[in-house]
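Asks: For reference, the file coords26.csv (CSV, C-alpha atoms and all ligand atoms) is included below:
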```csv
chain,number,residue,atom,x,y,z
A,326,MET,CA,-62.5,-64.8,-36.4
A,327,THR,CA,-61.6,-66.1,-32.9
A,328,SER,CA,-59.7,-63.9,-30.6
A,329,GLY,CA,-59.5,-63.6,-26.9
A,330,ILE,CA,-58.5,-60.5,-24.9
A,331,ARG,CA,-55.5,-60.2,-22.6
A,332,PHE,CA,-54.8,-57.4,-20.1
A,333,ASP,CA,-51.1,-57.7,-19.3
A,334,ARG,CA,-50.5,-55.6,-16.2
A,335,VAL,CA,-52.5,-52.7,-17.6
A,336,SER,CA,-52.5,-49.4,-15.6
A,337,VAL,CA,-54.4,-46.3,-16.5
A,338,ALA,CA,-54.0,-43.0,-14.8
A,339,TYR,CA,-55.6,-39.5,-15.1
A,340,GLY,CA,-52.9,-37.2,-13.9
A,341,LYS,CA,-51.7,-38.7,-10.7
A,342,ASN,CA,-55.0,-40.6,-10.2
A,343,VAL,CA,-54.5,-44.3,-10.9
A,344,VAL,CA,-57.9,-45.6,-12.0
A,345,LEU,CA,-56.8,-49.0,-13.3
A,346,ASP,CA,-54.0,-50.6,-11.2
A,347,SER,CA,-52.0,-53.3,-12.9
A,348,LEU,CA,-54.9,-55.3,-14.3
A,349,ASP,CA,-54.0,-58.9,-15.3
A,350,LEU,CA,-56.9,-60.7,-16.9
A,351,THR,CA,-57.5,-63.0,-19.8
A,352,VAL,CA,-60.8,-63.4,-21.7
A,353,GLU,CA,-60.6,-66.7,-23.5
A,354,PRO,CA,-61.7,-66.9,-27.2
A,355,GLY,CA,-65.5,-67.2,-27.2
A,356,GLU,CA,-65.8,-66.5,-23.5
A,357,VAL,CA,-68.2,-64.1,-21.8
A,358,MET,CA,-66.3,-62.2,-19.1
A,359,ALA,CA,-68.3,-59.8,-16.9
A,360,LEU,CA,-66.4,-57.0,-15.3
A,361,LEU,CA,-68.4,-56.4,-12.1
A,362,GLY,CA,-67.9,-53.7,-9.6
A,363,PRO,CA,-69.4,-50.6,-8.1
A,364,SER,CA,-69.5,-47.3,-9.8
A,365,GLY,CA,-66.0,-45.7,-10.2
A,366,SER,CA,-64.1,-49.0,-9.8
A,367,GLY,CA,-62.5,-48.7,-13.2
A,368,LYS,CA,-64.7,-51.0,-15.4
A,369,THR,CA,-65.3,-48.6,-18.2
A,370,THR,CA,-61.7,-47.5,-18.2
A,371,ALA,CA,-60.6,-51.2,-18.6
A,372,LEU,CA,-63.1,-51.5,-21.6
A,373,ARG,CA,-61.8,-48.3,-23.1
A,374,ALA,CA,-58.3,-49.6,-22.9
A,375,VAL,CA,-59.3,-52.6,-25.0
A,376,ALA,CA,-61.2,-50.4,-27.5
A,377,GLY,CA,-58.3,-48.0,-27.7
A,378,PHE,CA,-60.0,-44.9,-26.4
A,379,VAL,CA,-57.6,-44.6,-23.5
A,380,GLN,CA,-53.9,-45.2,-23.5
A,381,PRO,CA,-52.4,-47.2,-20.6
A,382,VAL,CA,-49.5,-45.7,-18.7
A,383,ALA,CA,-48.1,-49.2,-18.3
A,384,GLY,CA,-48.8,-52.7,-19.6
A,385,ARG,CA,-50.1,-54.2,-22.8
A,386,VAL,CA,-53.5,-55.1,-24.3
A,387,LEU,CA,-53.6,-58.1,-26.6
A,388,ILE,CA,-56.4,-59.2,-28.9
A,389,GLY,CA,-55.8,-62.7,-30.0
A,390,ASP,CA,-52.0,-62.8,-30.1
A,391,ARG,CA,-51.7,-59.3,-31.4
A,392,ASP,CA,-50.4,-56.5,-29.2
A,393,VAL,CA,-52.9,-53.7,-30.0
A,394,THR,CA,-51.7,-51.3,-27.3
A,395,GLY,CA,-50.5,-48.8,-29.9
A,396,LEU,CA,-53.2,-49.3,-32.5
A,397,PRO,CA,-56.1,-46.8,-33.2
A,398,PRO,CA,-59.6,-48.1,-32.3
A,399,HIS,CA,-60.8,-48.7,-35.8
A,400,ARG,CA,-57.9,-51.2,-36.4
A,401,ARG,CA,-58.6,-53.4,-33.4
A,402,GLY,CA,-61.5,-55.4,-34.9
A,403,ILE,CA,-63.9,-54.8,-32.0
A,404,GLY,CA,-67.6,-54.0,-31.7
A,405,MET,CA,-68.7,-51.8,-28.8
A,406,VAL,CA,-72.0,-50.9,-27.3
A,407,VAL,CA,-72.4,-48.3,-24.5
A,408,GLN,CA,-75.2,-47.5,-22.1
A,409,GLN,CA,-76.7,-44.6,-24.0
A,410,TYR,CA,-77.9,-45.6,-27.4
A,411,ALA,CA,-75.3,-43.7,-29.4
A,412,LEU,CA,-77.2,-43.9,-32.7
A,413,PHE,CA,-77.0,-41.1,-35.2
A,414,PRO,CA,-80.4,-39.4,-35.1
A,415,HIS,CA,-80.4,-38.2,-38.7
A,416,MET,CA,-79.7,-41.7,-40.1
A,417,ARG,CA,-82.1,-44.5,-40.6
A,418,VAL,CA,-81.6,-47.8,-38.8
A,419,SER,CA,-79.9,-49.4,-41.8
A,420,GLU,CA,-77.6,-46.4,-42.3
A,421,ASN,CA,-76.7,-46.6,-38.6
A,422,VAL,CA,-75.8,-50.2,-38.9
A,423,ALA,CA,-73.9,-49.6,-42.1
A,424,PHE,CA,-71.8,-46.9,-40.5
A,425,GLY,CA,-69.1,-49.0,-39.0
A,426,LEU,CA,-68.8,-51.1,-42.2
A,427,LYS,CA,-68.2,-47.9,-44.2
A,428,ALA,CA,-65.8,-46.6,-41.7
A,429,GLN,CA,-63.9,-49.9,-42.0
A,430,LYS,CA,-64.0,-49.6,-45.8
A,431,ALA,CA,-65.9,-52.9,-46.3
A,432,PRO,CA,-66.5,-53.7,-50.0
A,433,ARG,CA,-69.5,-51.6,-51.0
A,434,ARG,CA,-71.5,-54.5,-52.5
A,435,GLU,CA,-71.2,-56.5,-49.2
A,436,ILE,CA,-72.7,-53.8,-47.1
A,437,PRO,CA,-76.5,-54.4,-47.6
A,438,GLY,CA,-76.2,-58.1,-46.9
A,439,ARG,CA,-74.1,-57.6,-43.8
A,440,VAL,CA,-76.6,-54.9,-42.5
A,441,ALA,CA,-79.5,-57.2,-43.2
A,442,GLU,CA,-77.8,-60.1,-41.4
A,443,ALA,CA,-77.0,-58.0,-38.3
A,444,LEU,CA,-80.6,-56.6,-38.2
A,445,GLU,CA,-81.9,-60.1,-38.6
A,446,MET,CA,-79.8,-61.3,-35.6
A,447,THR,CA,-81.1,-58.7,-33.3
A,448,GLY,CA,-84.8,-59.0,-34.4
A,449,MET,CA,-84.8,-55.5,-36.0
A,450,ALA,CA,-85.1,-56.4,-39.7
A,451,ALA,CA,-88.6,-54.9,-39.9
A,452,TYR,CA,-87.3,-51.5,-38.7
A,453,ALA,CA,-84.5,-50.9,-41.2
A,454,GLY,CA,-86.1,-47.8,-42.7
A,455,ARG,CA,-87.0,-46.0,-39.4
A,456,TYR,CA,-85.2,-43.2,-37.6
A,457,PRO,CA,-84.0,-43.8,-34.0
A,458,ARG,CA,-86.6,-41.4,-32.7
A,459,GLU,CA,-89.3,-43.8,-34.0
A,460,LEU,CA,-87.9,-46.6,-31.9
A,461,SER,CA,-88.3,-47.5,-28.2
A,462,GLY,CA,-85.3,-47.5,-25.9
A,463,GLY,CA,-85.0,-51.3,-26.1
A,464,GLN,CA,-85.2,-51.2,-29.9
A,465,GLN,CA,-82.6,-48.5,-30.1
A,466,GLN,CA,-80.2,-50.7,-28.0
A,467,ARG,CA,-80.8,-53.6,-30.4
A,468,VAL,CA,-79.8,-51.4,-33.3
A,469,ALA,CA,-76.7,-50.4,-31.4
A,470,ILE,CA,-75.9,-54.1,-30.9
A,471,ALA,CA,-76.6,-54.8,-34.6
A,472,ARG,CA,-74.2,-52.0,-35.5
A,473,ALA,CA,-71.5,-53.5,-33.3
A,474,LEU,CA,-72.1,-57.0,-34.8
A,475,ALA,CA,-72.2,-55.8,-38.5
A,476,ILE,CA,-68.4,-55.6,-38.6
A,477,ARG,CA,-68.2,-59.2,-37.5
A,478,PRO,CA,-66.0,-58.4,-34.6
A,479,GLY,CA,-63.8,-61.0,-32.9
A,480,VAL,CA,-64.4,-59.1,-29.7
A,481,LEU,CA,-67.5,-57.4,-28.4
A,482,LEU,CA,-67.3,-54.8,-25.7
A,483,LEU,CA,-70.6,-54.0,-23.9
A,484,ASP,CA,-70.6,-51.2,-21.3
A,485,GLU,CA,-73.7,-51.4,-19.1
A,486,PRO,CA,-75.8,-52.0,-22.2
A,487,LEU,CA,-79.0,-52.6,-20.3
A,488,SER,CA,-78.9,-50.1,-17.6
A,489,ALA,CA,-81.0,-47.5,-19.3
A,490,LEU,CA,-83.8,-50.0,-19.8
A,491,ASP,CA,-86.6,-50.8,-17.4
A,492,ALA,CA,-86.6,-54.0,-15.4
A,493,GLN,CA,-88.8,-56.1,-17.6
A,494,LEU,CA,-87.1,-55.1,-20.8
A,495,ARG,CA,-83.8,-55.7,-19.2
A,496,SER,CA,-84.5,-59.3,-18.4
A,497,GLY,CA,-85.8,-59.9,-22.0
A,498,MET,CA,-82.6,-58.4,-23.4
A,499,LEU,CA,-80.5,-60.5,-21.1
A,500,ALA,CA,-82.1,-63.6,-22.6
A,501,GLU,CA,-81.5,-62.1,-26.1
A,502,LEU,CA,-77.8,-61.5,-25.4
A,503,ALA,CA,-77.4,-65.1,-24.2
A,504,ARG,CA,-79.0,-66.3,-27.4
A,505,LEU,CA,-76.8,-64.0,-29.5
A,506,HIS,CA,-73.8,-65.4,-27.8
A,507,ARG,CA,-74.9,-69.0,-28.6
A,508,GLU,CA,-75.3,-67.9,-32.3
A,509,LEU,CA,-71.8,-66.3,-32.2
A,510,PRO,CA,-69.8,-68.8,-30.1
A,511,ASP,CA,-66.4,-67.5,-31.4
A,512,VAL,CA,-66.9,-63.9,-30.3
A,513,SER,CA,-65.3,-63.0,-27.0
A,514,ILE,CA,-67.4,-60.7,-24.9
A,515,LEU,CA,-66.3,-58.3,-22.2
A,516,TYR,CA,-69.4,-57.2,-20.4
A,517,VAL,CA,-69.2,-54.3,-18.0
A,518,THR,CA,-71.9,-54.1,-15.3
A,519,HIS,CA,-72.5,-53.1,-11.7
A,520,ASP,CA,-75.5,-55.5,-11.6
A,521,GLN,CA,-74.7,-58.9,-10.1
A,522,VAL,CA,-77.7,-60.5,-11.6
A,523,GLU,CA,-76.6,-59.6,-15.1
A,524,ALA,CA,-73.1,-60.9,-14.4
A,525,LEU,CA,-74.3,-64.1,-12.8
A,526,THR,CA,-76.8,-64.8,-15.6
A,527,LEU,CA,-74.7,-64.1,-18.6
A,528,ALA,CA,-71.0,-64.6,-17.8
A,529,ASP,CA,-68.8,-67.7,-18.1
A,530,ARG,CA,-66.6,-65.9,-15.6
A,531,ILE,CA,-66.8,-62.8,-13.5
A,532,ALA,CA,-63.9,-60.4,-12.7
A,533,VAL,CA,-64.8,-58.4,-9.6
A,534,MET,CA,-63.4,-54.9,-9.6
A,535,ASP,CA,-63.1,-52.5,-6.7
A,536,ARG,CA,-61.1,-49.3,-6.4
A,537,ALA,CA,-59.1,-49.7,-9.6
A,538,ARG,CA,-58.1,-53.3,-8.8
A,539,LEU,CA,-59.2,-56.8,-9.7
A,540,ARG,CA,-60.4,-58.4,-6.4
A,541,ASP,CA,-61.6,-61.8,-7.5
A,542,CYS,CA,-62.2,-63.8,-10.6
A,543,GLY,CA,-64.0,-67.0,-11.2
A,544,SER,CA,-67.1,-68.7,-12.5
A,545,PRO,CA,-70.4,-67.3,-11.1
A,546,GLN,CA,-70.8,-70.5,-9.1
A,547,GLU,CA,-67.4,-70.2,-7.6
A,548,LEU,CA,-67.7,-66.6,-6.7
A,549,TYR,CA,-71.1,-67.2,-5.1
A,550,ARG,CA,-70.3,-70.4,-3.3
A,551,ARG,CA,-66.6,-69.7,-2.4
A,552,PRO,CA,-65.8,-66.0,-2.6
A,553,ARG,CA,-62.2,-65.4,-1.8
A,554,THR,CA,-62.6,-61.9,-0.5
A,555,GLU,CA,-65.1,-60.1,1.8
A,556,PHE,CA,-65.7,-57.7,-1.0
A,557,THR,CA,-66.9,-60.4,-3.4
A,558,ALA,CA,-68.9,-62.1,-0.7
A,559,SER,CA,-70.9,-58.9,0.0
A,560,PHE,CA,-71.0,-57.5,-3.6
A,561,VAL,CA,-72.0,-60.9,-5.2
A,562,GLY,CA,-75.0,-62.2,-3.2
A,563,ASN,CA,-74.9,-59.8,-0.3
A,564,ALA,CA,-73.5,-62.2,2.3
A,565,ASN,CA,-73.6,-61.9,6.1
A,566,LEU,CA,-70.1,-61.2,7.2
A,567,LEU,CA,-69.4,-61.7,10.9
A,568,PRO,CA,-66.1,-61.2,12.8
A,569,VAL,CA,-65.1,-64.3,14.6
A,570,THR,CA,-62.1,-65.8,16.4
A,571,VAL,CA,-61.0,-69.3,15.5
A,572,GLY,CA,-60.9,-71.8,18.4
A,573,SER,CA,-57.7,-73.5,19.5
A,574,GLY,CA,-56.6,-76.6,17.7
A,575,VAL,CA,-56.0,-76.8,14.0
A,576,GLY,CA,-59.1,-77.5,12.0
A,577,SER,CA,-61.1,-77.5,15.3
A,578,GLY,CA,-64.2,-76.5,13.4
A,579,VAL,CA,-65.1,-74.0,16.2
A,580,VAL,CA,-65.2,-70.3,16.1
A,581,SER,CA,-66.4,-67.8,18.6
A,582,PHE,CA,-68.7,-65.0,17.6
A,583,ALA,CA,-69.5,-62.4,20.3
A,584,GLY,CA,-69.1,-65.1,23.0
A,585,THR,CA,-71.1,-67.7,21.2
A,586,GLU,CA,-69.4,-70.9,19.9
A,587,LEU,CA,-70.2,-71.8,16.3
A,588,GLU,CA,-69.3,-74.9,14.4
A,589,VAL,CA,-68.0,-74.0,10.9
A,590,PRO,CA,-65.4,-75.5,8.5
A,591,THR,CA,-62.2,-73.7,9.7
A,592,GLY,CA,-59.9,-75.3,7.1
A,593,GLU,CA,-56.5,-73.8,7.1
A,594,VAL,CA,-57.2,-70.7,9.2
A,595,ALA,CA,-54.8,-70.7,12.1
A,596,PRO,CA,-56.1,-71.3,15.7
A,597,GLY,CA,-56.7,-68.1,17.6
A,598,ALA,CA,-56.8,-66.0,14.4
A,599,THR,CA,-59.5,-63.5,13.7
A,600,ALA,CA,-61.5,-64.3,10.6
A,601,THR,CA,-64.7,-63.4,8.8
A,602,LEU,CA,-67.6,-65.8,8.8
A,603,CYS,CA,-69.7,-65.7,5.6
A,604,VAL,CA,-73.2,-67.0,5.4
A,605,ARG,CA,-75.7,-66.3,2.7
A,606,PRO,CA,-79.0,-64.8,3.9
A,607,HIS,CA,-81.1,-67.5,2.2
A,608,LEU,CA,-79.2,-70.2,4.2
A,609,VAL,CA,-80.1,-68.6,7.5
A,610,GLY,CA,-83.2,-70.2,9.0
A,611,LEU,CA,-85.6,-68.9,11.7
A,612,GLY,CA,-85.9,-71.0,14.8
A,613,ASP,CA,-83.7,-73.2,16.8
A,614,GLY,CA,-81.1,-75.4,15.2
A,615,PRO,CA,-77.4,-75.9,14.9
A,616,ASN,CA,-75.3,-72.7,15.2
A,617,ALA,CA,-78.1,-70.8,16.9
A,618,LEU,CA,-77.9,-67.0,17.2
A,619,ARG,CA,-80.2,-65.1,19.5
A,620,GLY,CA,-81.1,-61.6,18.5
A,621,THR,CA,-83.7,-58.9,18.2
A,622,VAL,CA,-85.7,-58.1,15.0
A,623,ALA,CA,-84.7,-54.7,13.7
A,624,GLU,CA,-86.5,-54.8,10.4
A,625,VAL,CA,-88.8,-57.0,8.4
A,626,GLN,CA,-89.3,-56.7,4.6
A,627,TRP,CA,-91.8,-58.6,2.6
A,628,ARG,CA,-90.3,-59.5,-0.8
A,629,GLY,CA,-93.1,-61.6,-2.3
A,630,SER,CA,-91.6,-65.1,-2.2
A,631,THR,CA,-89.6,-64.4,1.0
A,632,HIS,CA,-89.3,-62.3,4.1
A,633,ARG,CA,-86.0,-60.5,4.6
A,634,LEU,CA,-85.4,-60.3,8.4
A,635,TYR,CA,-82.7,-58.0,9.8
A,636,VAL,CA,-81.8,-59.3,13.2
A,637,ASP,CA,-79.4,-57.6,15.6
A,638,VAL,CA,-77.2,-60.2,17.2
A,639,ALA,CA,-74.6,-58.8,19.7
A,640,GLY,CA,-74.4,-55.5,17.9
A,641,HIS,CA,-74.2,-57.1,14.4
A,642,ARG,CA,-77.0,-57.0,11.9
A,643,VAL,CA,-77.7,-60.5,10.4
A,644,LYS,CA,-79.8,-60.9,7.3
A,645,ALA,CA,-82.1,-63.9,6.9
A,646,ASP,CA,-84.3,-64.6,3.9
A,647,VAL,CA,-87.1,-66.8,5.1
A,648,ARG,CA,-89.8,-68.5,3.1
A,649,GLU,CA,-93.4,-69.1,3.9
A,650,LEU,CA,-93.6,-67.6,7.4
A,651,ARG,CA,-96.8,-68.5,9.1
A,652,GLU,CA,-96.3,-65.8,11.7
A,653,THR,CA,-94.1,-62.9,10.9
A,654,PRO,CA,-92.1,-61.7,13.8
A,655,GLY,CA,-92.6,-58.1,14.8
A,656,LEU,CA,-90.0,-55.4,15.4
A,657,GLY,CA,-88.3,-55.8,18.7
A,658,ASP,CA,-89.1,-59.5,19.0
A,659,GLU,CA,-86.5,-61.9,20.3
A,660,VAL,CA,-85.8,-64.6,17.7
A,661,THR,CA,-83.3,-67.4,17.2
A,662,LEU,CA,-81.6,-67.8,13.8
A,663,HIS,CA,-79.5,-70.8,12.8
A,664,PHE,CA,-77.4,-72.1,9.9
A,665,ALA,CA,-75.9,-75.4,8.9
A,666,VAL,CA,-72.2,-76.1,9.3
A,667,GLU,CA,-71.8,-76.8,5.6
A,668,ASP,CA,-73.4,-73.5,4.6
A,669,ALA,CA,-70.7,-71.4,6.4
A,670,LEU,CA,-67.5,-70.2,4.8
A,671,LEU,CA,-64.6,-68.8,6.8
A,672,LEU,CA,-62.5,-66.0,5.1
A,673,PRO,CA,-59.1,-65.3,6.6
A,674,ALA,CA,-58.8,-61.7,7.9
A,675,GLY,CA,-57.2,-59.4,5.4
A,676,ALA,CA,-58.5,-61.4,2.4
A,677,ASP,CA,-59.1,-58.1,0.7
A,678,GLY,CA,-55.4,-57.1,0.9
A,679,GLY,CA,-53.7,-56.8,-2.5
A,680,VAL,CA,-54.2,-57.3,-6.2
A,681,VAL,CA,-55.7,-60.7,-6.8
A,682,ALA,CA,-53.9,-62.4,-9.6
A,683,GLU,CA,-56.2,-64.4,-11.9
A,684,VAL,CA,-56.4,-68.1,-11.2
A,685,PRO,CA,-55.8,-69.7,-14.6
A,686,GLY,CA,-58.0,-72.5,-15.9
A,687,VAL,CA,-61.0,-72.1,-13.6
B,701,LIG,N1,-61.6,-38.8,-18.6
B,701,LIG,C1,-61.4,-38.9,-17.2
B,701,LIG,N2,-60.7,-38.0,-16.6
B,701,LIG,C2,-60.4,-38.1,-15.3
B,701,LIG,N3,-60.9,-39.1,-14.5
B,701,LIG,C3,-61.6,-40.0,-15.1
B,701,LIG,C4,-61.9,-40.0,-16.5
B,701,LIG,N4,-62.7,-41.1,-16.8
B,701,LIG,C5,-62.8,-41.8,-15.6
B,701,LIG,N5,-62.2,-41.1,-14.6
B,701,LIG,C6,-62.2,-41.6,-13.2
B,701,LIG,O1,-61.7,-42.9,-13.2
B,701,LIG,C7,-62.4,-43.7,-12.2
B,701,LIG,C8,-62.9,-45.0,-12.8
B,701,LIG,O2,-63.9,-44.6,-13.7
B,701,LIG,P1,-64.7,-45.6,-14.6
B,701,LIG,O3,-63.7,-46.5,-15.3
B,701,LIG,O4,-65.6,-44.9,-15.5
B,701,LIG,O5,-65.5,-46.5,-13.5
B,701,LIG,P2,-66.7,-47.5,-13.7
B,701,LIG,O6,-67.0,-47.7,-15.1
B,701,LIG,O7,-66.4,-48.7,-12.9
B,701,LIG,O8,-67.9,-46.8,-13.0
B,701,LIG,C9,-63.4,-42.8,-11.6
B,701,LIG,O9,-62.9,-42.3,-10.4
B,701,LIG,C10,-63.6,-41.7,-12.6
B,701,LIG,O10,-63.9,-40.5,-11.9
B,702,MG,MG,-68.7,-47.3,-16.3
```
How does the structure come out when it is put into structure tokens?

Replies:
Amino acid sequence: MTSGIRFDRVSVAYGKNVVLDSLDLTVEPGEVMALLGPSGSGKTTALRAVAGFVQPVAGRVLIGDRDVTGLPPHRRGIGMVVQQYALFPHMRVSENVAFGLKAQKAPRREIPGRVAEALEMTGMAAYAGRYPRELSGGQQQRVAIARALAIRPGVLLLDEPLSALDAQLRSGMLAELARLHRELPDVSILYVTHDQVEALTLADRIAVMDRARLRDCGSPQELYRRPRTEFTASFVGNANLLPVTVGSGVGSGVVSFAGTELEVPTGEVAPGATATLCVRPHLVGLGDGPNALRGTVAEVQWRGSTHRLYVDVAGHRVKADVRELRETPGLGDEVTLHFAVEDALLLPAGADGGVVAEVPGV
């Protein structure tokens, strides 16, 4: 079954508290959409609106071309996995996986085959007879995924499914989820996470949420290379954001930052306007070069393959990720940083203003 998900101006409120504000978003059939945002931004609420566990105060939810806004959860044809492995402790793995099928009144003779298939897909076939307490956290989460898949959902909802696992397991499970998606190319997946790495790794597109609103939406590459809002630039990839004033002359290519002139692509930003200069830390180099910034080292962190330098430049802290430093600068040292013209992006001031409508077809 192929079915996308559509949020049509969906709002959810608890009392007077609007926690999802007019969400407009489409997950195409077979697409993996990550809902990425900080804690409390409304991600789980959006997911629960699709599942039917929360009723919108306005708007519609569609699965495929069916308006499901008024349907109870078990009639929506969705599979859902949440952060805590919500397995029934008194049931064996196979019974846990069969649970959703029984609830859906699947034909009795089909159930063992569908359970075996789902356990096979998640690599848990050998554990069918165990109880959840006899499994590791990662294995329990695989069973939860098997249970969601057993009903052969058109839509799979995953709410921070890896956040209870340790880092190494998490990266293994990420690869597993990518493989599952390749095996089930028709299933649309809405994947809620606060972790940018999970979103960048797994998603075809990322919807960035902040304070009940959609702030940005695009492919991982687009959001990383050309964020449209300051929020996206800092939340996805932790960019340097510096306040600048655009020089006179349209497209002059010059901005002024704390009295220093920098050459950046100014595009459509009006001359004389204030704007935000966005540069990724790994694109900032140490030493002299174009767009040089002099500052004082405030912090040095060794991160294995790179050093992260925090440099105070005219009262602003600039982050630089530098590889293979022969001599590490010390705290309080005067250093020069630089970045290439083409690695800078200028965001117009107020780019975080309102609700961002989804850009179709990106
Ligand atoms: N059942 C509820 N009753 C009242 N407020 C809630 C309820 N569930 C969530 N909220 C509030 O809604 C906001 C969004 O929550 P949630 O969707 O869980 O965020 P996220 O998943 O992004 O962390 C939060 O401020 C949260 O406190
Ligand atoms: Mg949540």

Asks: Find the nearest atom pair between each residue of stretch 416-526 of chain A and stretch 393-412 of chain A for residues within 7 Å, count only C-alpha atoms, give distances in Å to one decimal, sort rows by chain and ascending number, and present the table as a tab-separated table.

Replies:
```
residue	atom	partner	partner_atom	distance
A:Asn421	CA	A:Leu412	CA	6.5
A:Pro457	CA	A:Leu412	CA	6.9
A:Gln465	CA	A:Tyr410	CA	6.1
A:Gln466	CA	A:Tyr410	CA	5.6
A:Ala469	CA	A:Val406	CA	6.3
A:Ile470	CA	A:Val406	CA	6.2
A:Ala473	CA	A:Gly404	CA	4.2
A:Leu474	CA	A:Gly404	CA	6.2
A:Pro478	CA	A:Ile403	CA	4.9
A:Gly479	CA	A:Ile403	CA	6.3
A:Val480	CA	A:Ile403	CA	4.9
A:Leu481	CA	A:Gly404	CA	4.7
A:Leu482	CA	A:Met405	CA	4.5
A:Leu483	CA	A:Val406	CA	4.8
A:Asp484	CA	A:Val407	CA	4.7
A:Glu485	CA	A:Gln408	CA	5.1
A:Pro486	CA	A:Gln408	CA	4.5
A:Leu487	CA	A:Gln408	CA	6.6
A:Ser488	CA	A:Gln408	CA	6.4
A:Ala489	CA	A:Gln408	CA	6.4
```

Asks: Taking all atoms listed in the file into account, which of A:Ser461, A:Ser496, A:Thr585, A:Ser366 comes nearest ligand MG 702 (chain B)?

Replies: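 Going through A:Ser461, A:Ser496, A:Thr585, A:Ser366 one by one, the smallest distance to ligand MG 702 (chain B) is for A:Ser366.
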
Asks: Of the residues A:Gly612, A:Pro381, A:Gly329, A:Gly592, which is the one nearest to A:Ser347, using all atoms listed in the file?

Replies: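 Closest to A:Ser347, using all atoms listed in the file: A:Pro381.
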
Asks: Write out as an MDAnalysis selection string each polymer residue (protein, DNA or RNA) that has an atom no more than 7 Å from ligand MG 702 (chain B), with only C-alpha atoms and all ligand atoms counted.

Replies: chainID A and resid 364:365 368:369 484

Asks: Using only C-alpha atoms and all ligand atoms, find each protein or nucleic acid residue lying at most 9 Å from ligand LIG 701 (chain B); present the set as number ranges by chain.

Replies: A: 337-340, 342-345, 360-373, 379, 484-485, 517-519, 534-537

Asks: Would you mind telling me which residue in A:Val625, A:Gly640, A:Thr526, A:Pro673 lies nearest to A:Val569 when using all atoms listed in the file?

Replies: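 Nearest candidate to A:Val569 out of A:Val625, A:Gly640, A:Thr526, A:Pro673: A:Pro673.
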
Asks: Using all atoms listed in the file, which residue out of A:Cys603, A:Met498, A:Ala583, A:Ile388 lies closest to A:Ala564?

Replies: A:Cys603

Asks: Quick one: residues within 8 Å of A:Thr591, only C-alpha atoms, excluding same-chain residues fewer than 2 positions away - as a CSV table (one decimal) with C-alpha atoms, keeping the file's coordinate frame?

Replies:
```
chain,number,residue,atom,x,y,z
A,571,VAL,CA,-61.0,-69.3,15.5
A,576,GLY,CA,-59.1,-77.5,12.0
A,577,SER,CA,-61.1,-77.5,15.3
A,578,GLY,CA,-64.2,-76.5,13.4
A,579,VAL,CA,-65.1,-74.0,16.2
A,580,VAL,CA,-65.2,-70.3,16.1
A,589,VAL,CA,-68.0,-74.0,10.9
A,593,GLU,CA,-56.5,-73.8,7.1
A,594,VAL,CA,-57.2,-70.7,9.2
A,671,LEU,CA,-64.6,-68.8,6.8
```

Asks: Rank A:Ala359, A:Val638, A:Leu602, A:Ile330 by their smallest atom-to-atom distance to A:Ala532, using only C-alpha atoms, and report the top residue only.

Replies: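 Looking at the shortest contact to A:Ala532, the residue is A:Ala359.
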
Asks: For atom CA of A:Gln546 and atom CA of A:Val609, determine how far apart the two atoms are, in Å to one decimal place.

Replies: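 About the pair atom CA of A:Gln546 and atom CA of A:Val609: they are 19.1 Å apart.
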
Asks: To one decimal place in Å, what is the distance between atom CA of A:Ala623 and atom CA of A:Phe560?

Replies: 22.2 Å

Asks: With distances taken over only C-alpha atoms, which of A:Leu634, A:Leu348, A:Val522, A:Leu490 is nearest to A:Pro654?

Replies: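 Under the stated criterion, the closest residue is A:Leu634.
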